[in-house]
>>> print(open('query-v8.txt').read())   # compact mmCIF, C-alpha atoms
# COMPACT_ATOMS: atom_id res chain seq x y z
CA MET O 1 49.64 -106.02 89.80
CA SER O 2 50.62 -108.95 87.60
CA ALA O 3 47.76 -108.16 85.22
CA ALA O 4 48.99 -104.58 84.92
CA ILE O 5 52.47 -105.73 84.04
CA THR O 6 51.08 -108.08 81.42
CA TRP O 7 49.24 -105.40 79.48
CA THR O 8 52.02 -102.83 79.66
CA ARG O 9 54.49 -105.38 78.24
CA ARG O 10 52.31 -106.44 75.32
CA PRO O 11 54.07 -105.81 72.00
CA LYS O 12 53.08 -102.61 70.16
CA ILE O 13 50.73 -101.69 73.02
CA ASP O 14 51.33 -97.96 72.52
CA GLN O 15 50.37 -98.15 68.84
CA TRP O 16 47.28 -100.22 69.59
CA ILE O 17 46.03 -97.69 72.16
CA CYS O 18 46.63 -94.85 69.68
CA TRP O 19 44.87 -96.83 66.94
CA TRP O 20 41.76 -97.32 69.08
CA THR O 21 41.44 -93.58 69.65
CA ILE O 22 40.94 -93.00 65.91
CA PRO O 23 37.61 -94.80 65.26
CA ILE O 24 36.25 -93.58 68.61
CA PHE O 25 37.07 -89.94 67.99
CA TYR O 26 36.01 -89.85 64.34
CA ASN O 27 32.63 -91.16 65.42
CA LEU O 28 32.46 -88.41 68.03
CA PHE O 29 33.44 -85.85 65.39
CA GLY O 30 30.50 -87.09 63.32
CA LEU O 31 28.17 -86.64 66.28
CA ILE O 32 29.55 -83.15 66.98
CA PHE O 33 29.50 -81.81 63.42
CA VAL O 34 26.34 -83.45 62.09
CA VAL O 35 23.97 -83.74 65.03
CA LEU O 36 24.97 -81.05 67.51
CA THR O 37 26.57 -78.13 65.73
CA ARG O 38 24.89 -78.37 62.29
CA VAL O 39 27.96 -77.50 60.24
CA MET O 40 27.66 -80.80 58.34
CA PRO O 41 25.88 -80.69 56.00
CA PRO O 42 26.51 -76.95 55.99
CA PRO O 43 23.60 -74.49 56.21
CA ARG O 44 22.92 -72.36 53.13
CA PRO O 45 25.13 -69.38 52.27
CA ASP O 46 22.31 -67.52 50.44
CA ILE O 47 20.04 -66.56 53.35
CA THR O 48 19.21 -63.21 54.92
CA PRO O 49 20.84 -61.78 58.08
CA ALA O 50 17.55 -62.31 59.94
CA GLN O 51 17.59 -65.99 59.01
CA ILE O 52 21.20 -66.30 60.13
CA VAL O 53 20.38 -64.75 63.51
CA ALA O 54 17.41 -67.12 63.79
CA PHE O 55 19.72 -70.05 62.99
CA PHE O 56 22.03 -69.12 65.86
CA GLU O 57 19.11 -68.53 68.25
CA THR O 58 17.51 -71.91 67.45
CA HIS O 59 20.69 -73.94 67.72
CA SER O 60 22.54 -71.86 70.33
CA LEU O 61 22.68 -74.52 73.05
CA THR O 62 23.54 -77.51 70.85
CA ILE O 63 26.21 -75.53 69.01
CA ARG O 64 27.84 -74.64 72.33
CA ILE O 65 27.58 -78.19 73.75
CA GLY O 66 28.91 -79.68 70.51
CA PHE O 67 31.89 -77.39 70.33
CA ALA O 68 32.62 -77.83 74.05
CA LEU O 69 33.04 -81.53 73.27
CA LEU O 70 35.19 -80.64 70.28
CA MET O 71 37.48 -78.46 72.43
CA PHE O 72 38.31 -81.60 74.37
CA PHE O 73 38.43 -84.23 71.66
CA ILE O 74 40.29 -82.21 69.04
CA GLY O 75 43.47 -83.01 70.97
CA PHE O 76 43.21 -86.63 69.86
CA ALA O 77 43.69 -85.57 66.24
CA SER O 78 47.38 -85.28 67.06
CA VAL O 79 47.40 -88.92 68.19
CA ALA O 80 46.02 -90.04 64.81
CA ASN O 81 48.63 -87.87 63.06
CA GLY O 82 51.39 -89.25 65.25
CA LEU O 83 50.41 -92.82 64.40
CA ILE O 84 50.35 -92.15 60.64
CA ALA O 85 53.68 -90.29 60.90
CA LEU O 86 55.17 -93.30 62.68
CA GLN O 87 54.05 -95.61 59.89
CA ILE O 88 55.52 -93.20 57.30
CA LYS O 89 58.82 -93.39 59.19
CA ARG O 90 58.78 -97.16 58.77
CA MET O 91 58.66 -96.70 54.98
CA SER O 92 61.85 -96.72 52.93
CA VAL O 93 61.66 -92.95 52.51
CA SER O 94 63.28 -89.98 54.19
CA PRO O 95 61.76 -88.99 57.56
CA VAL O 96 61.01 -85.60 55.98
CA PHE O 97 57.64 -87.02 54.86
CA ALA O 98 56.66 -87.96 58.41
CA TYR O 99 57.63 -84.57 59.79
CA ALA O 100 55.87 -82.74 56.95
CA TYR O 101 52.77 -84.82 57.65
CA ILE O 102 52.69 -83.78 61.33
CA GLY O 103 53.48 -80.15 60.46
CA SER O 104 50.80 -79.73 57.82
CA LEU O 105 48.10 -81.21 60.04
CA VAL O 106 49.09 -79.16 63.09
CA VAL O 107 48.51 -76.12 60.88
CA GLY O 108 45.36 -77.58 59.32
CA GLY O 109 43.63 -78.26 62.63
CA LEU O 110 43.37 -74.55 63.40
CA PRO O 111 41.75 -72.95 60.31
CA GLY O 112 40.07 -76.24 59.38
CA CYS O 113 38.48 -77.05 62.71
CA LEU O 114 39.09 -74.83 65.75
CA LEU O 115 38.75 -71.32 64.30
CA PRO O 116 35.43 -72.18 62.61
CA ALA O 117 34.31 -73.64 65.93
CA PHE O 118 35.12 -70.40 67.74
CA ALA O 119 33.30 -68.29 65.14
CA PHE O 120 30.15 -70.38 65.64
CA VAL O 121 30.57 -70.36 69.42
CA ALA O 122 30.94 -66.57 69.44
CA GLY O 123 27.70 -66.35 67.44
CA ALA O 124 25.82 -68.83 69.61
CA PHE O 125 27.21 -67.29 72.81
CA ARG O 126 25.43 -63.96 72.16
CA PRO O 127 22.79 -64.20 69.40
CA ASP O 128 21.79 -60.60 70.28
CA ARG O 129 24.87 -59.15 68.58
CA ASP O 130 24.54 -56.76 65.62
CA PRO O 131 23.13 -58.92 62.74
CA GLN O 132 25.96 -57.79 60.45
CA ILE O 133 28.46 -59.27 62.91
CA MET O 134 26.41 -62.48 63.06
CA VAL O 135 26.59 -62.76 59.28
CA MET O 136 30.35 -62.28 59.41
CA LEU O 137 30.74 -65.02 62.06
CA TYR O 138 28.56 -67.35 59.97
CA ASP O 139 30.72 -66.78 56.87
CA TRP O 140 33.88 -66.99 58.96
CA CYS O 141 32.94 -70.42 60.27
CA LEU O 142 31.77 -72.02 57.06
CA LEU O 143 34.40 -70.58 54.72
CA SER O 144 37.16 -71.56 57.12
CA PHE O 145 35.64 -75.01 57.72
CA VAL O 146 34.96 -75.97 54.10
CA GLY O 147 37.62 -73.78 52.50
CA SER O 148 40.81 -74.64 54.39
CA LEU O 149 42.53 -76.27 51.48
CA GLY O 150 46.30 -75.97 51.41
CA CYS O 151 47.10 -77.76 54.65
CA PHE O 152 45.12 -80.81 53.59
CA CYS O 153 46.52 -80.72 50.03
CA THR O 154 50.01 -80.77 51.52
CA GLN O 155 49.12 -83.55 53.94
CA ASN O 156 47.73 -85.75 51.16
CA MET O 157 50.56 -84.94 48.76
CA VAL O 158 53.15 -85.91 51.38
CA LEU O 159 51.32 -89.13 52.18
CA ALA O 160 50.81 -90.06 48.51
CA LEU O 161 54.47 -89.44 47.64
CA ALA O 162 55.68 -91.41 50.65
CA ILE O 163 53.49 -94.39 49.70
CA PHE O 164 54.58 -94.26 46.04
CA LEU O 165 58.29 -94.14 46.95
CA ASP O 166 58.07 -96.76 49.68
CA LYS O 167 59.57 -100.16 48.93
CA ASN O 168 58.50 -101.76 52.24
CA ASP O 169 54.78 -101.81 51.29
CA ILE O 170 53.70 -100.40 54.66
CA LEU O 171 50.50 -99.00 53.11
CA PRO O 172 49.06 -100.15 49.75
CA LYS O 173 49.57 -98.05 46.61
CA TRP O 174 45.84 -97.60 46.06
CA LEU O 175 45.69 -95.48 49.21
CA ALA O 176 48.11 -93.09 47.51
CA TYR O 177 45.70 -92.79 44.55
CA MET O 178 42.88 -92.12 47.00
CA SER O 179 44.96 -89.41 48.64
CA ILE O 180 45.39 -87.83 45.22
CA TRP O 181 41.61 -87.83 44.90
CA MET O 182 41.51 -86.03 48.25
CA ILE O 183 43.71 -83.33 46.71
CA VAL O 184 41.34 -83.09 43.74
CA THR O 185 38.37 -82.58 46.04
CA GLU O 186 40.26 -79.86 47.91
CA LEU O 187 40.90 -78.09 44.61
CA LEU O 188 37.24 -78.44 43.66
CA ALA O 189 36.33 -76.75 46.94
CA ALA O 190 38.35 -73.63 46.08
CA PRO O 191 35.38 -71.84 44.41
CA VAL O 192 33.48 -71.70 47.76
CA PHE O 193 35.11 -68.31 48.24
CA ILE O 194 33.34 -66.99 45.12
CA PHE O 195 29.94 -68.69 44.80
CA LYS O 196 26.98 -68.12 47.11
CA SER O 197 24.74 -70.79 45.62
CA GLY O 198 24.87 -73.79 43.30
CA PRO O 199 27.15 -76.82 43.25
CA LEU O 200 30.31 -74.81 43.92
CA ALA O 201 29.02 -72.94 47.00
CA TRP O 202 30.08 -74.16 50.45
CA ASN O 203 27.02 -76.41 50.71
CA GLY O 204 27.20 -77.47 47.07
CA SER O 205 27.12 -80.96 45.62
CA ILE O 206 30.67 -80.62 44.24
CA SER O 207 32.36 -78.49 46.90
CA PHE O 208 30.90 -80.22 49.91
CA TYR O 209 29.30 -83.59 49.17
CA VAL O 210 31.91 -85.03 46.80
CA GLY O 211 34.71 -83.96 49.12
CA THR O 212 33.01 -85.33 52.21
CA ALA O 213 32.15 -88.64 50.53
CA VAL O 214 35.76 -89.13 49.43
CA PHE O 215 36.98 -88.16 52.91
CA VAL O 216 34.73 -90.64 54.68
CA VAL O 217 35.83 -93.49 52.40
CA TRP O 218 39.48 -92.42 52.83
CA GLU O 219 39.12 -92.33 56.62
CA PHE O 220 37.56 -95.80 56.79
CA ALA O 221 40.29 -97.15 54.52
CA MET O 222 42.96 -95.45 56.62
CA ILE O 223 41.67 -96.90 59.89
CA ARG O 224 41.54 -100.39 58.39
CA LEU O 225 44.94 -100.12 56.69
CA LEU O 226 46.62 -98.76 59.82
CA TYR O 227 45.28 -101.81 61.64
CA VAL O 228 46.84 -104.08 59.04
CA ALA O 229 50.10 -102.10 59.03
CA ILE O 230 50.49 -102.33 62.82
CA LYS O 231 49.55 -106.02 62.79
CA ASN O 232 52.14 -106.83 60.13
CA GLN O 233 54.88 -104.94 61.93
CA SER O 234 57.36 -107.24 63.62
CA PRO O 235 57.58 -106.53 67.37
CA ALA O 236 60.41 -104.18 68.22
CA MET W 1 36.27 -60.20 83.49
CA SER W 2 32.77 -61.59 83.58
CA PRO W 3 31.19 -62.88 80.36
CA GLU W 4 27.98 -61.20 81.53
CA MET W 5 29.32 -57.68 81.00
CA THR W 6 27.57 -55.68 78.29
CA ALA W 7 29.29 -54.36 75.18
CA ASP W 8 29.52 -50.86 76.67
CA GLN W 9 31.04 -52.15 79.92
CA VAL W 10 33.61 -54.19 78.01
CA ALA W 11 34.50 -51.21 75.82
CA ALA W 12 34.84 -49.02 78.94
CA PHE W 13 37.14 -51.60 80.51
CA TYR W 14 39.44 -51.53 77.48
CA ALA W 15 39.36 -47.72 77.41
CA GLN W 16 40.35 -47.48 81.10
CA ASN W 17 42.98 -50.22 81.15
CA THR W 18 44.47 -49.84 77.67
CA THR W 19 48.09 -49.54 78.80
CA MET W 20 48.05 -52.47 81.22
CA ILE W 21 46.29 -54.74 78.73
CA ARG W 22 48.80 -53.86 76.02
CA PHE W 23 51.77 -54.28 78.35
CA SER W 24 50.68 -57.64 79.76
CA MET W 25 49.62 -59.08 76.41
CA ILE W 26 52.83 -58.00 74.69
CA VAL W 27 54.79 -59.72 77.46
CA PHE W 28 52.68 -62.87 77.08
CA ASN W 29 53.05 -62.62 73.33
CA LEU W 30 56.84 -62.62 73.62
CA CYS W 31 57.20 -65.18 76.39
CA ALA W 32 54.46 -67.80 76.13
CA ILE W 33 55.79 -69.58 73.07
CA MET W 34 59.11 -70.00 74.88
CA LEU W 35 57.40 -72.99 76.51
CA ILE W 36 57.71 -74.83 73.18
CA PRO W 37 61.45 -75.62 73.56
CA PHE W 38 60.65 -76.93 77.05
CA PHE W 39 57.95 -79.23 75.67
CA MET W 40 60.39 -80.40 73.00
CA VAL W 41 62.84 -81.41 75.73
CA ILE W 42 60.05 -83.61 77.08
CA VAL W 43 59.58 -85.04 73.56
CA VAL W 44 63.27 -85.93 73.41
CA GLN W 45 63.07 -87.57 76.83
CA MET W 46 60.00 -89.52 75.68
CA LYS W 47 62.02 -90.77 72.70
CA ARG W 48 64.68 -92.04 75.12
CA MET W 49 62.13 -94.15 77.01
CA SER W 50 62.04 -97.91 76.46
CA LEU W 51 58.80 -97.99 74.51
CA PRO W 52 57.74 -100.16 71.56
CA SER W 53 57.65 -97.08 69.27
CA HIS W 54 57.88 -93.29 69.16
CA VAL W 55 54.19 -92.74 68.43
CA LEU W 56 53.48 -91.09 71.79
CA ALA W 57 56.37 -88.65 71.37
CA TYR W 58 55.08 -87.59 67.92
CA SER W 59 51.56 -87.18 69.26
CA TYR W 60 52.87 -85.07 72.13
CA LEU W 61 54.79 -82.87 69.69
CA GLY W 62 51.74 -82.20 67.52
CA ALA W 63 49.51 -81.44 70.49
CA ALA W 64 52.08 -79.04 72.00
CA ALA W 65 52.27 -77.06 68.74
CA THR W 66 48.47 -76.82 68.51
CA GLY W 67 48.08 -75.62 72.09
CA ALA W 68 50.74 -72.93 71.79
CA THR W 69 49.29 -71.64 68.50
CA LEU W 70 45.89 -71.25 70.14
CA PHE W 71 47.37 -69.15 72.92
CA ALA W 72 49.18 -66.96 70.38
CA ILE W 73 45.89 -66.33 68.54
CA ALA W 74 43.98 -65.45 71.74
CA ASP W 75 46.73 -63.00 72.68
CA ILE W 76 46.43 -61.20 69.32
CA PHE W 77 42.65 -60.78 69.80
CA TRP W 78 43.22 -58.99 73.13
CA LEU W 79 45.77 -56.71 71.51
CA ILE W 80 43.47 -55.88 68.58
CA ALA W 81 40.71 -54.96 71.05
CA ALA W 82 43.07 -52.71 73.01
CA TYR W 83 44.53 -51.09 69.86
CA ARG W 84 41.51 -48.82 69.21
CA PRO W 85 39.33 -48.76 72.34
CA GLY W 86 37.10 -46.20 70.54
CA ARG W 87 35.80 -48.84 68.12
CA ASP W 88 32.11 -49.81 68.02
CA PRO W 89 31.55 -51.55 71.42
CA GLN W 90 29.93 -54.48 69.57
CA LEU W 91 33.25 -55.14 67.85
CA ILE W 92 35.24 -54.79 71.08
CA LEU W 93 32.83 -57.28 72.67
CA LEU W 94 33.39 -59.72 69.82
CA LEU W 95 37.20 -59.43 70.02
CA ASN W 96 37.04 -59.84 73.79
CA ASP W 97 34.81 -62.93 73.49
CA MET W 98 37.15 -64.46 70.93
CA ALA W 99 40.20 -63.81 73.10
CA TRP W 100 38.69 -65.28 76.27
CA LEU W 101 37.04 -68.28 74.62
CA ILE W 102 40.18 -69.22 72.68
CA PHE W 103 42.33 -68.69 75.78
CA ILE W 104 40.22 -70.78 78.19
CA ALA W 105 38.24 -73.41 76.30
CA PRO W 106 40.43 -75.45 73.91
CA VAL W 107 42.24 -77.50 76.56
CA GLY W 108 42.13 -80.68 74.44
CA ALA W 109 45.65 -80.19 73.13
CA PHE W 110 47.25 -79.87 76.57
CA VAL W 111 45.08 -82.66 77.97
CA VAL W 112 46.15 -85.05 75.20
CA GLN W 113 49.76 -83.94 75.66
CA ASN W 114 49.52 -85.01 79.30
CA LEU W 115 47.71 -88.25 78.53
CA CYS W 116 50.43 -89.20 76.01
CA LEU W 117 53.11 -88.41 78.57
CA ALA W 118 51.26 -90.39 81.25
CA LEU W 119 50.95 -93.43 79.01
CA ALA W 120 54.59 -93.20 77.95
CA VAL W 121 55.83 -92.95 81.55
CA TYR W 122 53.60 -95.84 82.56
CA LEU W 123 54.76 -98.08 79.69
CA ASP W 124 58.46 -97.17 80.00
CA ALA W 125 60.05 -100.61 80.42
CA GLY W 126 63.61 -99.49 81.17
CA ALA W 127 65.34 -100.78 84.29
CA ARG W 128 65.66 -97.16 85.40
CA PRO W 129 62.63 -95.30 83.96
CA ILE W 130 63.41 -91.88 82.44
CA PHE W 131 60.70 -90.18 84.51
CA PRO W 132 59.50 -91.53 87.87
CA ARG W 133 56.15 -93.35 87.73
CA TRP W 134 54.30 -90.73 89.77
CA VAL W 135 54.66 -88.37 86.79
CA ALA W 136 52.07 -90.55 84.99
CA TYR W 137 49.49 -90.04 87.75
CA PHE W 138 50.39 -86.36 88.07
CA SER W 139 49.86 -85.86 84.32
CA ILE W 140 46.47 -87.56 84.43
CA ALA W 141 45.47 -85.40 87.41
CA THR W 142 46.48 -82.26 85.47
CA ALA W 143 44.46 -83.40 82.45
CA ALA W 144 41.43 -84.09 84.65
CA ALA W 145 41.65 -80.71 86.39
CA MET W 146 41.85 -78.82 83.10
CA SER W 147 39.18 -80.71 81.14
CA PRO W 148 36.06 -79.02 82.63
CA ALA W 149 37.28 -75.67 81.20
CA VAL W 150 35.75 -76.68 77.83
CA CYS W 151 32.40 -75.73 79.40
CA ALA W 152 33.43 -72.05 79.16
CA VAL W 153 31.83 -72.07 75.69
CA ILE W 154 28.48 -73.09 77.23
CA PHE W 155 28.11 -71.04 80.45
CA LYS W 156 28.12 -67.28 81.00
CA SER W 157 28.08 -67.40 84.81
CA GLY W 158 28.97 -69.75 87.64
CA PRO W 159 32.12 -71.81 88.19
CA LEU W 160 32.23 -73.07 84.60
CA ALA W 161 32.11 -69.64 82.93
CA TRP W 162 35.44 -68.31 81.63
CA ASP W 163 36.02 -66.34 84.83
CA GLY W 164 34.75 -69.12 87.12
CA ALA W 165 36.46 -71.09 89.85
CA ILE W 166 36.77 -74.23 87.72
CA SER W 167 37.20 -72.93 84.19
CA PHE W 168 39.63 -70.19 85.15
CA TRP W 169 41.29 -70.77 88.54
CA LEU W 170 41.48 -74.57 88.53
CA ARG W 171 42.54 -74.65 84.86
CA ILE W 172 45.24 -71.98 85.16
CA GLY W 173 46.37 -73.31 88.55
CA ALA W 174 46.70 -76.87 87.24
CA PHE W 175 48.65 -75.64 84.22
CA ALA W 176 51.04 -73.54 86.34
CA VAL W 177 51.65 -76.32 88.86
CA ASN W 178 52.20 -78.79 86.03
CA ILE W 179 54.82 -76.61 84.33
CA ALA W 180 56.57 -75.91 87.64
CA VAL W 181 56.72 -79.59 88.65
CA MET W 182 57.72 -80.77 85.17
CA PHE W 183 60.54 -78.22 85.17
CA PHE W 184 62.22 -80.06 88.06
CA VAL W 185 61.35 -83.52 86.72
CA VAL W 186 62.82 -82.72 83.31
CA ARG W 187 65.88 -81.07 84.83
CA ALA W 188 66.59 -84.20 86.88
CA ALA W 189 66.12 -86.46 83.84
CA VAL W 190 68.45 -84.35 81.68
CA SER W 191 71.15 -84.22 84.38
CA ARG W 192 70.99 -87.98 84.75
CA GLN W 193 71.24 -88.40 80.98
CA ALA W 194 74.30 -86.13 80.93
CA ALA W 195 75.92 -88.06 83.78
CA GLU W 196 75.23 -91.42 82.14
CA GLU W 197 76.57 -90.33 78.77
CA ALA W 198 79.67 -88.79 80.35
CA MET W 199 80.49 -92.08 82.06
CA LYS W 200 79.49 -94.15 79.01
CA ILE W 201 77.46 -96.51 81.12
CA GLY W 202 73.97 -97.84 80.79
CA PRO W 203 72.17 -99.00 77.65
CA SER W 204 70.47 -95.63 77.10
CA VAL W 205 73.58 -94.02 75.55
CA GLY W 206 72.91 -92.99 71.98
CA ILE W 207 69.57 -94.73 71.92
CA THR W 208 67.83 -91.58 70.70
CA ASP W 209 69.64 -91.67 67.36
CA ALA W 210 69.74 -95.42 66.94
CA LYS W 211 66.00 -95.91 67.36
CA VAL W 212 64.91 -93.13 65.03
CA THR W 213 64.73 -95.37 61.98
CA GLN W 214 62.20 -97.78 63.48
>>> encode(input="query-v8.txt", output="structure tokens")
Amino acid sequence: MSAAITWTRRPKIDQWICWWTIPIFYNLFGLIFVVLTRVMPPPRPDITPAQIVAFFETHSLTIRIGFALLMFFIGFASVANGLIALQIKRMSVSPVFAYAYIGSLVVGGLPGCLLPAFAFVAGAFRPDRDPQIMVMLYDWCLLSFVGSLGCFCTQNMVLALAIFLDKNDILPKWLAYMSIWMIVTELLAAPVFIFKSGPLAWNGSISFYVGTAVFVVWEFAMIRLLYVAIKNQSPA
Amino acid sequence: MSPEMTADQVAAFYAQNTTMIRFSMIVFNLCAIMLIPFFMVIVVQMKRMSLPSHVLAYSYLGAAATGATLFAIADIFWLIAAYRPGRDPQLILLLNDMAWLIFIAPVGAFVVQNLCLALAVYLDAGARPIFPRWVAYFSIATAAAMSPAVCAVIFKSGPLAWDGAISFWLRIGAFAVNIAVMFFVVRAAVSRQAAEEAMKIGPSVGITDAKVTQ
């Protein structure tokens, strides 16, 4: 019992537990999206309906297992958002930035992650559907997954502005510049709704790879900088 | 409804039960999101707890909004399917799959909501905790009972399918019991807060506003 009391009374214990969820769950997201469900890197947009049906038949089981895991772990995204919102509230800026950050990511999680997952699950659940419906589910998933732009633009804009205006130096200014680059990559992904092949399609070098590379660097930086921010915070 | 039904059987079900499906889903549509204010009362109570920070309350808030949005989307898919039961059965089947999968499977939001609450209740260092400690264990039990429902995206029959004993009955039962129990827990916490603030005793008075800037 004394051990239990010790850990519950450690300073900032709630933030440390929330922080640890972030690296664990982003690694699981990598496993889910890259290895199991095959949406990263995305399959080609310019293939025939028969090939799309074959794609769902081949990967039916792993797509369903992967997204079953996602249905559970997606909840932890709100913990990461809550932790970043808390750090924004410590900045010398209005709390409006923290609330806008939570709001934009609550919206973003649905078209950016869960609705694409359900389109792929519906395809993998019954690969014997009408091929035209399978093509629609395929487009639904990948356009929604790669092309959900506004929520993440808003999230990064709010974060960048909060960091620029902050006088307490909770997070370094260069993270704000990186967040602006995130907005640029979201804008560069806008043409996925028009192109079916080439660098601007949903599997293209510009629309997908540049954006993903910037995101991975941003996420690593964020995890590290949150660690530093929590460590530097004086115990309440 | 079994996930093993064929497209024609599903279409026939919608054609025969159109009125009841519309009625029940419109009622759900109107009422389900009314749980959000209730969850926000829990958020406010979490902010009153003696915790190092408000991070768990913010996480709870985000997860509650995600979970409720998912239910609202599932509800709309049922209503679209029932709107024109004469549609191509393949399309009715798709709408029905979407509705059931989105209704049953994405339990992560509610699970994380409960884990955040459990951790907050467990860490609450106040002399008189806002919620009794057993709420932490009860929340973890709810989360554990609901988690297997994610398997509804994998199985079409058996207890883990969307109409199965675990994915449907245990999940819905755990959710209903949780809401019912939390209703009384929250009501007791709010009455105590009102009594304490009326008598101007105890250190918890006004703490909600004072701590916001941390």
>>> interface_residues(input="query-v8.txt", of="chain O", to="chain W", cutoff="7 Å", atoms="all atoms listed in the file", output="PyMOL selection string")
chain O and resi 8+11-12+14-15+64-65+68+71-76+78-79+81-83+86+89-90+102+106+121-122+129+236
>>> write_last_selection(input="query-v8.txt", atoms="C-alpha atoms", output="mmCIF file, in the frame of the given file")
data_model
loop_
_atom_site.group_PDB
_atom_site.id
_atom_site.type_symbol
_atom_site.label_atom_id
_atom_site.label_comp_id
_atom_site.auth_asym_id
_atom_site.auth_seq_id
_atom_site.Cartn_x
_atom_site.Cartn_y
_atom_site.Cartn_z
ATOM 1 C CA THR O 8 52.020 -102.830 79.660
ATOM 2 C CA PRO O 11 54.070 -105.810 72.000
ATOM 3 C CA LYS O 12 53.080 -102.610 70.160
ATOM 4 C CA ASP O 14 51.330 -97.960 72.520
ATOM 5 C CA GLN O 15 50.370 -98.150 68.840
ATOM 6 C CA ARG O 64 27.840 -74.640 72.330
ATOM 7 C CA ILE O 65 27.580 -78.190 73.750
ATOM 8 C CA ALA O 68 32.620 -77.830 74.050
ATOM 9 C CA MET O 71 37.480 -78.460 72.430
ATOM 10 C CA PHE O 72 38.310 -81.600 74.370
ATOM 11 C CA PHE O 73 38.430 -84.230 71.660
ATOM 12 C CA ILE O 74 40.290 -82.210 69.040
ATOM 13 C CA GLY O 75 43.470 -83.010 70.970
ATOM 14 C CA PHE O 76 43.210 -86.630 69.860
ATOM 15 C CA SER O 78 47.380 -85.280 67.060
ATOM 16 C CA VAL O 79 47.400 -88.920 68.190
ATOM 17 C CA ASN O 81 48.630 -87.870 63.060
ATOM 18 C CA GLY O 82 51.390 -89.250 65.250
ATOM 19 C CA LEU O 83 50.410 -92.820 64.400
ATOM 20 C CA LEU O 86 55.170 -93.300 62.680
ATOM 21 C CA LYS O 89 58.820 -93.390 59.190
ATOM 22 C CA ARG O 90 58.780 -97.160 58.770
ATOM 23 C CA ILE O 102 52.690 -83.780 61.330
ATOM 24 C CA VAL O 106 49.090 -79.160 63.090
ATOM 25 C CA VAL O 121 30.570 -70.360 69.420
ATOM 26 C CA ALA O 122 30.940 -66.570 69.440
ATOM 27 C CA ARG O 129 24.870 -59.150 68.580
ATOM 28 C CA ALA O 236 60.410 -104.180 68.220
#
>>> atom_distance(input="query-v8.txt", atom1="CA of Met182 (chain O)", atom2="CA of Leu69 (chain O)")
26.8 Å
>>> residues_around(input="query-v8.txt", residues="Ser2 (chain W)", least_positions_apart="4", cutoff="8 Å", atoms="only C-alpha atoms", output="VMD selection string")
chain W and resid 156 to 157 162 to 163
>>> atom_distance(input="query-v8.txt", atom1="CA of Val190 (chain W)", atom2="CA of Gln45 (chain W)")
7.9 Å
>>> axis_aligned_box(input="query-v8.txt", around="region 146-164 of chain W", padding_each_side="4 Å", output="JSON")
{"center_x": 35.0, "center_y": -73.5, "center_z": 81.9, "size_x": 21.8, "size_y": 22.4, "size_z": 20.5}
>>> atom_distance(input="query-v8.txt", atom1="CA of Arg44 (chain O)", atom2="CA of Trp202 (chain O)")
7.9 Å
>>> residues_around(input="query-v8.txt", residues="Ala81 (chain W)", least_positions_apart="5", cutoff="8 Å", atoms="all atoms listed in the file", output="list in words")
Tyr14, Ile92, Leu95 and Asn96 of chain W
>>> residues_around(input="query-v8.txt", residues="region 36-41 of chain O", least_positions_apart="6", cutoff="7 Å", atoms="all atoms listed in the file", output="ChimeraX atom specification")
/O:62-63,66,203
>>> write_last_selection(input="query-v8.txt", atoms="C-alpha atoms", output="CSV table (one decimal), keeping the file's coordinate frame")
chain,number,residue,atom,x,y,z
O,62,THR,CA,23.5,-77.5,70.8
O,63,ILE,CA,26.2,-75.5,69.0
O,66,GLY,CA,28.9,-79.7,70.5
O,203,ASN,CA,27.0,-76.4,50.7
>>> residues_around(input="query-v8.txt", residues="Ser60 (chain O)", least_positions_apart="3", cutoff="8 Å", atoms="only C-alpha atoms", output="list in words")
Phe56, Glu57, Ile63, Arg64, Ala124, Phe125 and Pro127 of chain O
>>> closest_residue(input="query-v8.txt", among="O:Trp7, O:Phe67, O:Tyr138, O:Trp16", to="Ile47 (chain O)", atoms="all atoms listed in the file")
O:Tyr138
>>> closest_residue(input="query-v8.txt", among="O:Leu171, O:Cys113, O:Leu159, O:Ala54", to="Ser144 (chain O)", atoms="all atoms listed in the file")
O:Cys113
>>> residues_around(input="query-v8.txt", residues="Tyr83 (chain W)", least_positions_apart="5", cutoff="9 Å", atoms="all atoms listed in the file", output="MDAnalysis selection string")
chainID W and resid 18 22 78
>>> closest_residue(input="query-v8.txt", among="W:Met5, W:Val185, W:Val41, W:Leu79", to="Ile26 (chain W)", atoms="all atoms listed in the file")
W:Leu79
>>> closest_residue(input="query-v8.txt", among="W:Phe39, W:Ile179, W:Ala68, W:Arg187", to="Val107 (chain O)", atoms="only C-alpha atoms")
W:Ala68
>>> residues_near_point(input="query-v8.txt", point="(52.2, -92.8, 85.7)", cutoff="7 Å", atoms="all atoms listed in the file", output="list in words")
Ala118, Leu119, Val121, Tyr122, Arg133, Trp134, Val135, Ala136 and Tyr137 of chain W
>>> residues_near_point(input="query-v8.txt", point="(27.8, -71.7, 48.5)", cutoff="10 Å", atoms="only C-alpha atoms", output="list in words")
Pro42, Pro43, Arg44, Pro45, Asp46, Leu142, Leu143, Pro191, Val192, Phe193, Ile194, Phe195, Lys196, Ser197, Gly198, Pro199, Leu200, Ala201, Trp202, Asn203, Gly204, Ser205, Ser207 and Phe208 of chain O
